[in-house]
$ cat upload.pdb   # PDB, C-alpha atoms and all ligand atoms
ATOM      1  CA  MET L 289      -4.429  20.591 -11.834
ATOM      2  CA  GLU L 290      -4.847  20.383 -15.622
ATOM      3  CA  ASN L 291      -8.201  19.494 -17.228
ATOM      4  CA  PHE L 292      -8.808  15.855 -18.063
ATOM      5  CA  GLU L 293     -11.574  13.639 -19.407
ATOM      6  CA  PHE L 294     -13.076  11.315 -16.783
ATOM      7  CA  HIS L 295     -14.150   7.769 -17.700
ATOM      8  CA  ALA L 296     -15.982   5.361 -15.376
ATOM      9  CA  PRO L 297     -16.285   1.996 -17.157
ATOM     10  CA  ARG L 298     -18.150  -0.927 -15.577
ATOM     11  CA  GLU L 299     -16.594  -3.781 -17.558
ATOM     12  CA  LEU L 300     -12.957  -4.848 -17.818
ATOM     13  CA  ALA L 301     -13.305  -4.952 -21.621
ATOM     14  CA  ASP L 302     -14.120  -1.238 -21.573
ATOM     15  CA  VAL L 303     -11.060  -0.507 -19.412
ATOM     16  CA  TYR L 304      -8.874  -2.391 -21.905
ATOM     17  CA  ALA L 305     -10.416  -0.472 -24.824
ATOM     18  CA  LEU L 306      -9.772   2.880 -23.123
ATOM     19  CA  LEU L 307      -6.172   1.908 -22.334
ATOM     20  CA  ASP L 308      -5.620   0.773 -25.922
ATOM     21  CA  GLU L 309      -7.056   4.013 -27.232
ATOM     22  CA  HIS L 310      -5.242   6.457 -24.927
ATOM     23  CA  GLU L 311      -2.138   4.531 -23.697
ATOM     24  CA  TYR L 312       0.386   7.063 -22.278
ATOM     25  CA  ASP L 313      -2.258   9.840 -22.206
ATOM     26  CA  ALA L 314      -4.392   7.880 -19.713
ATOM     27  CA  ARG L 315      -4.054   7.030 -16.030
ATOM     28  CA  LEU L 316      -6.052   4.508 -14.042
ATOM     29  CA  ILE L 317      -7.412   5.736 -10.737
ATOM     30  CA  ALA L 318      -8.456   3.396  -7.901
ATOM     31  CA  GLY L 319      -8.505   4.883  -4.364
ATOM     32  CA  GLY L 320      -6.798   8.049  -5.631
ATOM     33  CA  THR L 321      -4.742   8.434  -2.436
ATOM     34  CA  SER L 322      -1.460   8.707  -4.346
ATOM     35  CA  LEU L 323      -2.538   9.714  -7.811
ATOM     36  CA  VAL L 324      -4.528  12.784  -6.781
ATOM     37  CA  THR L 325      -1.532  14.108  -4.817
ATOM     38  CA  PHE L 326       0.725  13.519  -7.821
ATOM     39  CA  MET L 327      -1.779  15.316 -10.067
ATOM     40  CA  LYS L 328      -2.069  18.268  -7.681
ATOM     41  CA  GLN L 329       1.717  18.519  -7.658
ATOM     42  CA  GLN L 330       1.635  18.315 -11.480
ATOM     43  CA  LEU L 331       3.964  15.325 -11.423
ATOM     44  CA  VAL L 332       1.353  13.464 -13.468
ATOM     45  CA  GLN L 333      -0.996  15.224 -15.899
ATOM     46  CA  PRO L 334      -3.178  12.686 -17.697
ATOM     47  CA  ASP L 335      -5.575  13.761 -20.453
ATOM     48  CA  HIS L 336      -7.820  10.802 -19.548
ATOM     49  CA  LEU L 337      -8.563   9.459 -16.096
ATOM     50  CA  ILE L 338     -10.002   5.930 -16.024
ATOM     51  CA  HIS L 339     -11.834   5.323 -12.738
ATOM     52  CA  LEU L 340     -11.850   1.633 -11.755
ATOM     53  CA  GLY L 341     -14.344   1.914  -8.873
ATOM     54  CA  LYS L 342     -17.361   0.647 -10.847
ATOM     55  CA  VAL L 343     -15.655  -2.463 -12.268
ATOM     56  CA  SER L 344     -17.157  -5.236 -10.121
ATOM     57  CA  ALA L 345     -14.813  -7.866 -11.654
ATOM     58  CA  LEU L 346     -11.988  -6.152  -9.727
ATOM     59  CA  ARG L 347     -13.546  -6.844  -6.306
ATOM     60  CA  GLY L 348     -13.249  -9.895  -4.089
ATOM     61  CA  VAL L 349     -11.025 -11.954  -1.815
ATOM     62  CA  ASP L 350     -10.899 -15.755  -1.989
ATOM     63  CA  ILE L 351      -8.728 -18.761  -1.256
ATOM     64  CA  ILE L 352      -8.064 -20.883  -4.328
ATOM     65  CA  ASP L 353      -5.691 -23.878  -4.309
ATOM     66  CA  GLY L 354      -3.908 -22.773  -1.131
ATOM     67  CA  GLU L 355      -3.489 -19.186  -2.299
ATOM     68  CA  LEU L 356      -5.145 -16.010  -1.162
ATOM     69  CA  VAL L 357      -6.442 -14.325  -4.309
ATOM     70  CA  VAL L 358      -7.054 -10.629  -3.829
ATOM     71  CA  LYS L 359      -8.667  -8.572  -6.576
ATOM     72  CA  ALA L 360      -7.126  -5.197  -7.306
ATOM     73  CA  LEU L 361      -9.881  -2.949  -5.924
ATOM     74  CA  THR L 362      -9.810  -4.542  -2.464
ATOM     75  CA  THR L 363      -8.959  -1.799   0.005
ATOM     76  CA  TYR L 364      -6.209  -2.230   2.589
ATOM     77  CA  ARG L 365      -8.832  -2.025   5.318
ATOM     78  CA  GLU L 366     -11.030  -4.704   3.688
ATOM     79  CA  LEU L 367      -8.072  -7.055   3.465
ATOM     80  CA  GLU L 368      -6.778  -6.247   6.943
ATOM     81  CA  THR L 369     -10.172  -7.131   8.472
ATOM     82  CA  HIS L 370     -11.167  -9.970   6.113
ATOM     83  CA  PRO L 371     -12.067 -13.224   7.966
ATOM     84  CA  LEU L 372      -9.982 -15.350   5.539
ATOM     85  CA  VAL L 373      -6.936 -13.180   6.216
ATOM     86  CA  LEU L 374      -7.449 -13.160   9.972
ATOM     87  CA  GLU L 375      -7.796 -16.966   9.999
ATOM     88  CA  GLN L 376      -5.233 -18.046   7.439
ATOM     89  CA  ALA L 377      -2.767 -15.228   6.855
ATOM     90  CA  PRO L 378      -2.839 -12.965   9.946
ATOM     91  CA  GLN L 379       0.648 -11.736   8.986
ATOM     92  CA  ILE L 380      -1.020  -9.666   6.235
ATOM     93  CA  ALA L 381      -3.446  -8.049   8.694
ATOM     94  CA  GLU L 382      -0.546  -7.236  11.013
ATOM     95  CA  VAL L 383       1.440  -5.447   8.302
ATOM     96  CA  LEU L 384      -1.487  -3.617   6.715
ATOM     97  CA  GLY L 385      -2.380  -2.285  10.175
ATOM     98  CA  HIS L 386       0.857  -0.259   9.911
ATOM     99  CA  VAL L 387      -0.176   1.544   6.685
ATOM    100  CA  ALA L 388      -0.867   5.250   7.295
ATOM    101  CA  THR L 389      -4.214   5.722   9.075
ATOM    102  CA  ILE L 390      -7.512   3.816   8.984
ATOM    103  CA  ARG L 391      -8.961   6.651   6.902
ATOM    104  CA  ILE L 392      -6.357   6.141   4.185
ATOM    105  CA  ARG L 393      -6.616   2.344   4.419
ATOM    106  CA  GLU L 394     -10.386   2.645   3.781
ATOM    107  CA  SER L 395      -9.639   4.176   0.343
ATOM    108  CA  ALA L 396      -6.221   2.862  -0.720
ATOM    109  CA  THR L 397      -6.431  -0.312  -2.784
ATOM    110  CA  ILE L 398      -4.100  -3.283  -3.067
ATOM    111  CA  GLY L 399      -3.852  -2.777  -6.850
ATOM    112  CA  GLY L 400      -3.141   0.947  -6.540
ATOM    113  CA  GLY L 401      -0.516   0.372  -3.850
ATOM    114  CA  LEU L 402       1.312  -2.241  -5.919
ATOM    115  CA  SER L 403       1.072  -0.236  -9.137
ATOM    116  CA  GLN L 404       2.535   2.818  -7.429
ATOM    117  CA  GLY L 405       5.806   0.844  -7.300
ATOM    118  CA  ASP L 406       7.015   2.541  -4.128
ATOM    119  CA  SER L 407       9.310   0.347  -2.033
ATOM    120  CA  ALA L 408       8.769   2.711   0.921
ATOM    121  CA  GLN L 409       5.228   1.358   1.243
ATOM    122  CA  ASP L 410       4.536  -1.495   3.668
ATOM    123  CA  GLY L 411       3.115  -3.861   1.034
ATOM    124  CA  PRO L 412       6.059  -4.504  -1.318
ATOM    125  CA  GLY L 413       8.349  -6.121   1.273
ATOM    126  CA  LEU L 414       5.455  -8.232   2.592
ATOM    127  CA  TRP L 415       4.382  -9.466  -0.853
ATOM    128  CA  LEU L 416       8.009 -10.332  -1.615
ATOM    129  CA  LEU L 417       8.315 -12.219   1.685
ATOM    130  CA  LEU L 418       5.188 -14.235   0.846
ATOM    131  CA  ASN L 419       6.362 -15.013  -2.732
ATOM    132  CA  ALA L 420       3.244 -13.414  -4.228
ATOM    133  CA  ARG L 421       2.503 -13.095  -7.933
ATOM    134  CA  VAL L 422       0.525 -10.371  -9.659
ATOM    135  CA  VAL L 423      -1.741 -10.720 -12.655
ATOM    136  CA  LEU L 424      -1.506  -8.041 -15.346
ATOM    137  CA  SER L 425      -4.337  -7.960 -17.882
ATOM    138  CA  SER L 426      -4.992  -6.240 -21.194
ATOM    139  CA  SER L 427      -6.980  -6.718 -24.390
ATOM    140  CA  SER L 428      -4.249  -9.212 -25.444
ATOM    141  CA  GLY L 429      -4.805 -11.481 -22.419
ATOM    142  CA  GLN L 430      -3.266 -12.035 -19.001
ATOM    143  CA  ARG L 431       0.247 -12.584 -17.693
ATOM    144  CA  GLU L 432       1.392 -13.581 -14.239
ATOM    145  CA  VAL L 433       4.501 -11.905 -12.851
ATOM    146  CA  ALA L 434       6.451 -13.021  -9.775
ATOM    147  CA  ILE L 435       6.603 -10.128  -7.334
ATOM    148  CA  GLY L 436      10.411 -10.209  -7.424
ATOM    149  CA  ASP L 437      10.225  -9.332 -11.143
ATOM    150  CA  PHE L 438       7.395  -6.812 -10.826
ATOM    151  CA  PHE L 439       9.174  -3.818  -9.266
ATOM    152  CA  GLU L 440      11.796  -2.311 -11.583
ATOM    153  CA  ASP L 441      12.903   0.986 -10.045
ATOM    154  CA  TYR L 442      11.576   3.873  -7.947
ATOM    155  CA  PHE L 443       7.881   4.224  -8.838
ATOM    156  CA  THR L 444       8.358   1.895 -11.804
ATOM    157  CA  THR L 445       6.905  -1.561 -12.398
ATOM    158  CA  VAL L 446       6.847  -3.836 -15.435
ATOM    159  CA  THR L 447       3.180  -2.916 -16.104
ATOM    160  CA  GLU L 448       2.775  -1.797 -19.731
ATOM    161  CA  PRO L 449       0.685   1.310 -20.520
ATOM    162  CA  ASN L 450      -2.105  -0.871 -21.999
ATOM    163  CA  GLU L 451      -2.231  -3.155 -18.916
ATOM    164  CA  LEU L 452      -3.872  -3.055 -15.515
ATOM    165  CA  LEU L 453      -3.166  -5.095 -12.435
ATOM    166  CA  THR L 454      -6.219  -7.251 -11.839
ATOM    167  CA  GLU L 455      -5.214  -9.425  -8.866
ATOM    168  CA  ILE L 456      -2.463 -10.585  -6.559
ATOM    169  CA  ARG L 457      -2.024 -14.284  -5.692
ATOM    170  CA  ILE L 458      -0.429 -14.946  -2.334
ATOM    171  CA  PRO L 459       0.581 -18.478  -1.262
ATOM    172  CA  LEU L 460      -0.675 -18.981   2.293
ATOM    173  CA  PRO L 461       2.192 -18.860   4.782
ATOM    174  CA  PRO L 462       2.881 -22.134   6.651
ATOM    175  CA  ALA L 463       0.634 -22.400   9.724
ATOM    176  CA  ASN L 464       3.670 -23.185  11.921
ATOM    177  CA  ALA L 465       5.673 -20.110  10.875
ATOM    178  CA  GLY L 466       6.938 -17.428  13.198
ATOM    179  CA  PHE L 467       6.452 -13.960  11.746
ATOM    180  CA  ALA L 468       7.720 -10.491  12.594
ATOM    181  CA  TYR L 469       7.384  -7.089  10.946
ATOM    182  CA  SER L 470       9.325  -4.000  11.996
ATOM    183  CA  LYS L 471       8.664  -0.517  10.704
ATOM    184  CA  PHE L 472      11.207   2.064  11.784
ATOM    185  CA  LEU L 473       9.415   5.407  12.055
ATOM    186  CA  PRO L 474      11.711   8.231  13.166
ATOM    187  CA  ARG L 475       9.010  10.881  12.541
ATOM    188  CA  SER L 476       5.311  10.074  13.123
ATOM    189  CA  GLU L 477       3.194   6.919  13.543
ATOM    190  CA  ASP L 478       1.387   7.387  10.203
ATOM    191  CA  ASP L 479       4.523   8.012   8.121
ATOM    192  CA  TYR L 480       6.203   5.816   5.529
ATOM    193  CA  ALA L 481       8.968   3.638   6.950
ATOM    194  CA  ALA L 482      12.570   4.837   7.042
ATOM    195  CA  VAL L 483      13.403   1.121   7.043
ATOM    196  CA  SER L 484      11.055  -1.867   7.191
ATOM    197  CA  ALA L 485      11.840  -5.548   7.654
ATOM    198  CA  ALA L 486       9.701  -8.689   7.520
ATOM    199  CA  ALA L 487      10.714 -12.239   8.443
ATOM    200  CA  LEU L 488       9.048 -15.646   8.294
ATOM    201  CA  VAL L 489      10.708 -18.641   9.969
ATOM    202  CA  THR L 490       9.861 -22.272  10.665
ATOM    203  CA  ILE L 491      11.642 -24.429  13.229
ATOM    204  CA  SER L 492      12.001 -28.217  12.913
ATOM    205  CA  LYS L 493      11.055 -30.686  15.675
ATOM    206  CA  ASP L 494      14.706 -30.936  16.697
ATOM    207  CA  GLY L 495      14.813 -27.176  17.328
ATOM    208  CA  LYS L 496      16.807 -26.165  14.220
ATOM    209  CA  ILE L 497      15.907 -23.463  11.698
ATOM    210  CA  GLU L 498      13.992 -25.272   8.962
ATOM    211  CA  SER L 499      13.247 -22.302   6.690
ATOM    212  CA  ALA L 500      13.893 -18.577   6.924
ATOM    213  CA  ARG L 501      12.878 -15.630   4.773
ATOM    214  CA  LEU L 502      13.736 -11.974   5.289
ATOM    215  CA  THR L 503      12.844  -8.945   3.172
ATOM    216  CA  LEU L 504      13.488  -5.216   3.538
ATOM    217  CA  GLY L 505      11.581  -2.185   2.288
ATOM    218  CA  SER L 506      12.434   1.522   1.977
ATOM    219  CA  VAL L 507      16.161   0.893   1.594
ATOM    220  CA  ALA L 508      16.516   0.546  -2.188
ATOM    221  CA  PRO L 509      14.566   1.373  -5.355
ATOM    222  CA  THR L 510      12.727  -1.958  -4.981
ATOM    223  CA  PRO L 511      12.073  -4.229  -1.971
ATOM    224  CA  ILE L 512      14.957  -6.638  -1.400
ATOM    225  CA  ARG L 513      15.238 -10.226  -0.228
ATOM    226  CA  ALA L 514      18.126 -11.276   2.013
ATOM    227  CA  ASP L 515      20.047 -14.466   1.292
ATOM    228  CA  THR L 516      19.113 -16.646   4.273
ATOM    229  CA  ASP L 517      20.153 -20.070   2.922
ATOM    230  CA  SER L 518      23.022 -20.313   5.427
ATOM    231  CA  LEU L 519      20.535 -20.308   8.341
ATOM    232  CA  VAL L 520      18.778 -23.531   7.347
ATOM    233  CA  GLY L 521      19.719 -26.395   9.680
ATOM    234  CA  GLN L 522      21.357 -24.040  12.201
ATOM    235  CA  PRO L 523      20.406 -23.693  15.884
ATOM    236  CA  THR L 524      18.083 -20.781  16.657
ATOM    237  CA  ASP L 525      20.848 -18.740  18.296
ATOM    238  CA  THR L 526      23.317 -19.142  15.441
ATOM    239  CA  PRO L 527      25.788 -16.238  14.990
ATOM    240  CA  LEU L 528      25.017 -16.521  11.260
ATOM    241  CA  ILE L 529      21.961 -14.322  11.953
ATOM    242  CA  ASP L 530      24.424 -11.428  12.441
ATOM    243  CA  THR L 531      26.247 -12.416   9.260
ATOM    244  CA  VAL L 532      23.004 -12.413   7.237
ATOM    245  CA  ALA L 533      22.037  -8.989   8.649
ATOM    246  CA  GLU L 534      25.527  -7.531   8.061
ATOM    247  CA  SER L 535      25.561  -8.805   4.467
ATOM    248  CA  LEU L 536      22.665  -6.446   3.727
ATOM    249  CA  ARG L 537      24.969  -3.464   4.189
ATOM    250  CA  GLU L 538      26.291  -4.133   0.672
ATOM    251  CA  ARG L 539      22.835  -4.699  -0.803
ATOM    252  CA  VAL L 540      20.901  -1.646   0.400
ATOM    253  CA  ASP L 541      20.991   1.702  -1.386
ATOM    254  CA  PRO L 542      18.744   4.081   0.576
ATOM    255  CA  LEU L 543      18.014   7.721  -0.206
ATOM    256  CA  ASP L 544      19.102  10.665   1.937
ATOM    257  CA  ASP L 545      15.798  12.258   2.921
ATOM    258  CA  VAL L 546      13.773  13.731   5.787
ATOM    259  CA  ARG L 547      13.702  10.296   7.479
ATOM    260  CA  GLY L 548      17.487  10.100   7.760
ATOM    261  CA  SER L 549      20.763  10.003   5.877
ATOM    262  CA  ALA L 550      21.640   7.070   3.634
ATOM    263  CA  ALA L 551      24.407   6.065   6.077
ATOM    264  CA  TYR L 552      22.024   6.076   9.050
ATOM    265  CA  LYS L 553      19.380   4.069   7.164
ATOM    266  CA  THR L 554      22.052   1.556   6.137
ATOM    267  CA  ASP L 555      22.967   1.027   9.800
ATOM    268  CA  MET L 556      19.284   0.771  10.734
ATOM    269  CA  ALA L 557      18.657  -1.755   7.932
ATOM    270  CA  VAL L 558      21.243  -4.066   9.523
ATOM    271  CA  VAL L 559      19.843  -3.539  13.033
ATOM    272  CA  PHE L 560      16.202  -4.059  12.013
ATOM    273  CA  ALA L 561      17.036  -7.077   9.826
ATOM    274  CA  ARG L 562      18.733  -8.798  12.778
ATOM    275  CA  ARG L 563      16.023  -7.925  15.312
ATOM    276  CA  THR L 564      13.177  -8.921  12.994
ATOM    277  CA  LEU L 565      14.775 -12.252  12.165
ATOM    278  CA  GLN L 566      15.408 -12.947  15.859
ATOM    279  CA  LEU L 567      11.822 -12.058  16.741
ATOM    280  CA  ALA L 568      10.386 -14.338  14.020
ATOM    281  CA  ILE L 569      12.605 -17.172  15.340
ATOM    282  CA  GLU L 570      11.396 -16.545  18.900
ATOM    283  CA  ARG L 571       7.766 -16.590  17.743
ATOM    284  CA  ALA L 572       8.038 -19.753  15.618
ATOM    285  CA  PRO L 573       6.256 -22.696  17.281
ATOM    286  CA  ARG L 574       8.604 -25.526  18.364
TER     287      ARG L 574
HETATM  288  C1  LIG N   1      -0.912  10.631   3.843
HETATM  289  C2  LIG N   1      -0.519   9.283   3.286
HETATM  290  C3  LIG N   1       0.232   8.422   4.076
HETATM  291  C4  LIG N   1       0.604   7.180   3.567
HETATM  292  N1  LIG N   1       1.315   6.328   4.361
HETATM  293  C5  LIG N   1       1.583   5.081   3.908
HETATM  294  C6  LIG N   1       2.234   4.135   4.740
HETATM  295  O1  LIG N   1       2.545   4.381   5.891
HETATM  296  N2  LIG N   1       2.489   2.903   4.213
HETATM  297  C7  LIG N   1       2.122   2.557   2.944
HETATM  298  O2  LIG N   1       2.346   1.426   2.542
HETATM  299  N3  LIG N   1       1.513   3.443   2.132
HETATM  300  C8  LIG N   1       1.236   4.678   2.589
HETATM  301  N4  LIG N   1       0.589   5.562   1.783
HETATM  302  C9  LIG N   1       0.410   5.214   0.354
HETATM  303  C10 LIG N   1      -0.843   4.460   0.092
HETATM  304  O3  LIG N   1      -0.668   3.123   0.500
HETATM  305  C11 LIG N   1      -1.037   4.522  -1.417
HETATM  306  O4  LIG N   1      -1.370   5.856  -1.715
HETATM  307  C12 LIG N   1      -2.132   3.593  -1.860
HETATM  308  O5  LIG N   1      -1.791   2.263  -1.642
HETATM  309  C13 LIG N   1      -2.411   3.760  -3.341
HETATM  310  O6  LIG N   1      -3.598   3.063  -3.614
HETATM  311  P1  LIG N   1      -4.783   3.810  -4.371
HETATM  312  O7  LIG N   1      -5.842   2.790  -4.598
HETATM  313  O8  LIG N   1      -5.210   5.045  -3.662
HETATM  314  O9  LIG N   1      -4.036   4.150  -5.726
HETATM  315  P2  LIG N   1      -4.241   5.400  -6.704
HETATM  316  O10 LIG N   1      -3.735   6.636  -6.031
HETATM  317  O11 LIG N   1      -5.600   5.399  -7.257
HETATM  318  O12 LIG N   1      -3.215   4.960  -7.858
HETATM  319  C14 LIG N   1      -1.834   4.838  -7.611
HETATM  320  C15 LIG N   1      -1.125   4.470  -8.918
HETATM  321  O13 LIG N   1      -1.500   3.177  -9.336
HETATM  322  C16 LIG N   1      -2.137   3.196 -10.618
HETATM  323  N5  LIG N   1      -3.194   2.182 -10.517
HETATM  324  C17 LIG N   1      -4.211   2.150  -9.626
HETATM  325  N6  LIG N   1      -4.860   0.983  -9.741
HETATM  326  C18 LIG N   1      -4.239   0.278 -10.718
HETATM  327  C19 LIG N   1      -4.454  -1.034 -11.276
HETATM  328  N7  LIG N   1      -5.403  -1.850 -10.846
HETATM  329  N8  LIG N   1      -3.608  -1.447 -12.256
HETATM  330  C20 LIG N   1      -2.586  -0.642 -12.707
HETATM  331  N9  LIG N   1      -2.372   0.604 -12.214
HETATM  332  C21 LIG N   1      -3.184   1.037 -11.222
HETATM  333  C22 LIG N   1      -2.601   4.620 -10.821
HETATM  334  O14 LIG N   1      -2.664   4.965 -12.191
HETATM  335  C23 LIG N   1      -1.495   5.386 -10.090
HETATM  336  O15 LIG N   1      -0.387   5.514 -10.930
HETATM  337  C24 LIG N   1       0.219   6.808   2.248
HETATM  338  C25 LIG N   1      -0.549   7.674   1.461
HETATM  339  C26 LIG N   1      -0.919   8.918   1.966
HETATM  340  C27 LIG N   1      -1.757   9.818   1.092
END
$ encode --input "upload.pdb" --output "structure tokens"
Amino acid sequence: MENFEFHAPRELADVYALLDEHEYDARLIAGGTSLVTFMKQQLVQPDHLIHLGKVSALRGVDIIDGELVVKALTTYRELETHPLVLEQAPQIAEVLGHVATIRIRESATIGGGLSQGDSAQDGPGLWLLLNARVVLSSSSGQREVAIGDFFEDYFTTVTEPNELLTEIRIPLPPANAGFAYSKFLPRSEDDYAAVSAAALVTISKDGKIESARLTLGSVAPTPIRADTDSLVGQPTDTPLIDTVAESLRERVDPLDDVRGSAAYKTDMAVVFARRTLQLAIERAPR
């Protein structure tokens, strides 16, 4: 690892000033679970490391105007076990429980996970499913970015070098929604997904699909959202579920890697999309 200067500001204004001063020569560090590995592998060699751990303005979880507002330094474990999440958005706790191990979830932060821009993580597909927005802040002010516009490419987000992610705003899922999350793990329980799928469905009083959302992770440079419009108004056993799942074959673009070939992952994306959608439909209250 190369030498670097370590900064530990306490105020957001000081973080902004350091980012303005050092821009591309600086890296923010939150839990360090990804960044330290990248630094050890010399994939990233910052001259300045800006530690966020002492910035109290980056801590906290709240519900404001029907949205769960999660500050960037919240760890996965804090969010997974937070009473507001367990009561009002248990889907989040369910998915975060699949991230690595408890030890990693105790350190890894929501802001660090998002900023890593890795669609193989469990978060990106979930945040896309829930139509979340992130807040990026700098000395010039704040901007809110829809999650669908946030991820640009492998390990790349729209965050500018002088910005940091300060919070994520997540509209609460409807209380009557059925939810399912599938993480296909061909290797070990604490691995990244080869394919992941998340679905959220509501059923109307007359037993028809009222709304349906489906997202996939690990199968393209960014998480992807399936087009599920055709399912609305259909019976719960509609053959269009197969059509929606099959249509993803053209949308996914997975990597050949240790978790499987691109062709295999493409097949699994279709299988897991269909199963996850069916499970969310089954679980949706009538
Ligand atoms: C062994 C192992 C197994 C894992 N398995 C999984 C898994 O199964 N599923 C999964 O989803 N993830 C998995 N992960 C990844 C883990 O979720 C990420 O490492 C973690 O979310 C990153 O958060 P962090 O706080 O540690 O970020 P850091 O490592 O501190 O930072 C990551 C990146 O984000 C930047 N950054 C940090 N905070 C901010 C901010 N507020 N604003 C802007 N940029 C910021 C940093 O500069 C860096 O580029 C695994 C990691 C390890 C080490």
$ closest_atom_pairs --input "upload.pdb" --of "chain L" --to "ligand LIG 1 (chain N)" --cutoff "7 Å" --atoms "all atoms listed in the file" --output "CSV"
residue,atom,partner,partner_atom,distance
L:Arg315,CA,N:LIG1,O14,4.6
L:Leu316,CA,N:LIG1,O14,3.9
L:Ile317,CA,N:LIG1,O11,3.9
L:Ala318,CA,N:LIG1,O11,3.5
L:Gly319,CA,N:LIG1,O8,3.4
L:Gly320,CA,N:LIG1,O11,3.3
L:Thr321,CA,N:LIG1,O8,3.6
L:Ser322,CA,N:LIG1,O10,3.5
L:Leu323,CA,N:LIG1,O10,3.8
L:Val324,CA,N:LIG1,O10,6.2
L:Ala360,CA,N:LIG1,N7,5.2
L:Leu361,CA,N:LIG1,N7,6.7
L:His386,CA,N:LIG1,O1,6.4
L:Val387,CA,N:LIG1,N2,3.9
L:Ala388,CA,N:LIG1,O1,3.8
L:Ile392,CA,N:LIG1,C26,6.5
L:Ser395,CA,N:LIG1,O8,6.0
L:Ala396,CA,N:LIG1,O8,3.8
L:Thr397,CA,N:LIG1,O7,3.6
L:Ile398,CA,N:LIG1,O5,6.2
L:Gly399,CA,N:LIG1,N7,4.4
L:Gly400,CA,N:LIG1,O9,3.4
L:Gly401,CA,N:LIG1,O5,3.2
L:Leu402,CA,N:LIG1,O5,6.9
L:Ser403,CA,N:LIG1,O13,4.3
L:Gln404,CA,N:LIG1,C15,4.3
L:Ala408,CA,N:LIG1,O2,6.7
L:Gln409,CA,N:LIG1,O2,3.2
L:Asp410,CA,N:LIG1,O2,3.8
L:Gly411,CA,N:LIG1,O2,5.6
L:Glu451,CA,N:LIG1,C20,6.7
L:Leu452,CA,N:LIG1,N8,3.6
L:Leu453,CA,N:LIG1,N8,3.7
L:Thr454,CA,N:LIG1,N7,5.6
L:Asp478,CA,N:LIG1,O1,5.4
L:Asp479,CA,N:LIG1,O1,4.7
L:Tyr480,CA,N:LIG1,O1,3.9
L:Ala481,CA,N:LIG1,O1,6.6
$ write_last_selection --input "upload.pdb" --atoms "C-alpha atoms" --output "mmCIF file, in the frame of the given file"
data_model
loop_
_atom_site.group_PDB
_atom_site.id
_atom_site.type_symbol
_atom_site.label_atom_id
_atom_site.label_comp_id
_atom_site.auth_asym_id
_atom_site.auth_seq_id
_atom_site.Cartn_x
_atom_site.Cartn_y
_atom_site.Cartn_z
ATOM 1 C CA ARG L 315 -4.054 7.030 -16.030
ATOM 2 C CA LEU L 316 -6.052 4.508 -14.042
ATOM 3 C CA ILE L 317 -7.412 5.736 -10.737
ATOM 4 C CA ALA L 318 -8.456 3.396 -7.901
ATOM 5 C CA GLY L 319 -8.505 4.883 -4.364
ATOM 6 C CA GLY L 320 -6.798 8.049 -5.631
ATOM 7 C CA THR L 321 -4.742 8.434 -2.436
ATOM 8 C CA SER L 322 -1.460 8.707 -4.346
ATOM 9 C CA LEU L 323 -2.538 9.714 -7.811
ATOM 10 C CA VAL L 324 -4.528 12.784 -6.781
ATOM 11 C CA ALA L 360 -7.126 -5.197 -7.306
ATOM 12 C CA LEU L 361 -9.881 -2.949 -5.924
ATOM 13 C CA HIS L 386 0.857 -0.259 9.911
ATOM 14 C CA VAL L 387 -0.176 1.544 6.685
ATOM 15 C CA ALA L 388 -0.867 5.250 7.295
ATOM 16 C CA ILE L 392 -6.357 6.141 4.185
ATOM 17 C CA SER L 395 -9.639 4.176 0.343
ATOM 18 C CA ALA L 396 -6.221 2.862 -0.720
ATOM 19 C CA THR L 397 -6.431 -0.312 -2.784
ATOM 20 C CA ILE L 398 -4.100 -3.283 -3.067
ATOM 21 C CA GLY L 399 -3.852 -2.777 -6.850
ATOM 22 C CA GLY L 400 -3.141 0.947 -6.540
ATOM 23 C CA GLY L 401 -0.516 0.372 -3.850
ATOM 24 C CA LEU L 402 1.312 -2.241 -5.919
ATOM 25 C CA SER L 403 1.072 -0.236 -9.137
ATOM 26 C CA GLN L 404 2.535 2.818 -7.429
ATOM 27 C CA ALA L 408 8.769 2.711 0.921
ATOM 28 C CA GLN L 409 5.228 1.358 1.243
ATOM 29 C CA ASP L 410 4.536 -1.495 3.668
ATOM 30 C CA GLY L 411 3.115 -3.861 1.034
ATOM 31 C CA GLU L 451 -2.231 -3.155 -18.916
ATOM 32 C CA LEU L 452 -3.872 -3.055 -15.515
ATOM 33 C CA LEU L 453 -3.166 -5.095 -12.435
ATOM 34 C CA THR L 454 -6.219 -7.251 -11.839
ATOM 35 C CA ASP L 478 1.387 7.387 10.203
ATOM 36 C CA ASP L 479 4.523 8.012 8.121
ATOM 37 C CA TYR L 480 6.203 5.816 5.529
ATOM 38 C CA ALA L 481 8.968 3.638 6.950
#
$ resolve_selection --input "upload.pdb" --expression "the PyMOL selection byres (((chain L and resi 347) around 12) and not hetatm)" --output "list in words"
Arg298, Leu300, Ala318, Leu340, Gly341, Lys342, Val343, Ser344, Ala345, Leu346, Gly348, Val349, Asp350, Val357, Val358, Lys359, Ala360, Leu361, Thr362, Thr363, Glu366, Leu367, Thr397, Ile398, Gly399, Thr454, Glu455 and Ile456 of chain L
$ residues_around --input "upload.pdb" --residues "Ser426 in chain L" --least-positions-apart "2" --cutoff "10 Å" --atoms "all atoms listed in the file" --output "list of chain:residue names"
L:Leu300, L:Ala301, L:Val303, L:Tyr304, L:Ala305, L:Leu307, L:Asp308, L:Leu424, L:Ser428, L:Gly429, L:Gln430, L:Arg431, L:Glu448, L:Pro449, L:Asn450, L:Glu451, L:Leu452, L:Leu453, L:Thr454
$ resolve_selection --input "upload.pdb" --expression "the PyMOL selection byres (((chain L and resi 432) around 6) and not hetatm)" --output "ChimeraX atom specification"
/L:422-423,431,433
$ closest_residue --input "upload.pdb" --among "L:His295, L:Arg574, L:Arg457, L:Arg539" --to "Lys496 in chain L" --atoms "only C-alpha atoms"
L:Arg574
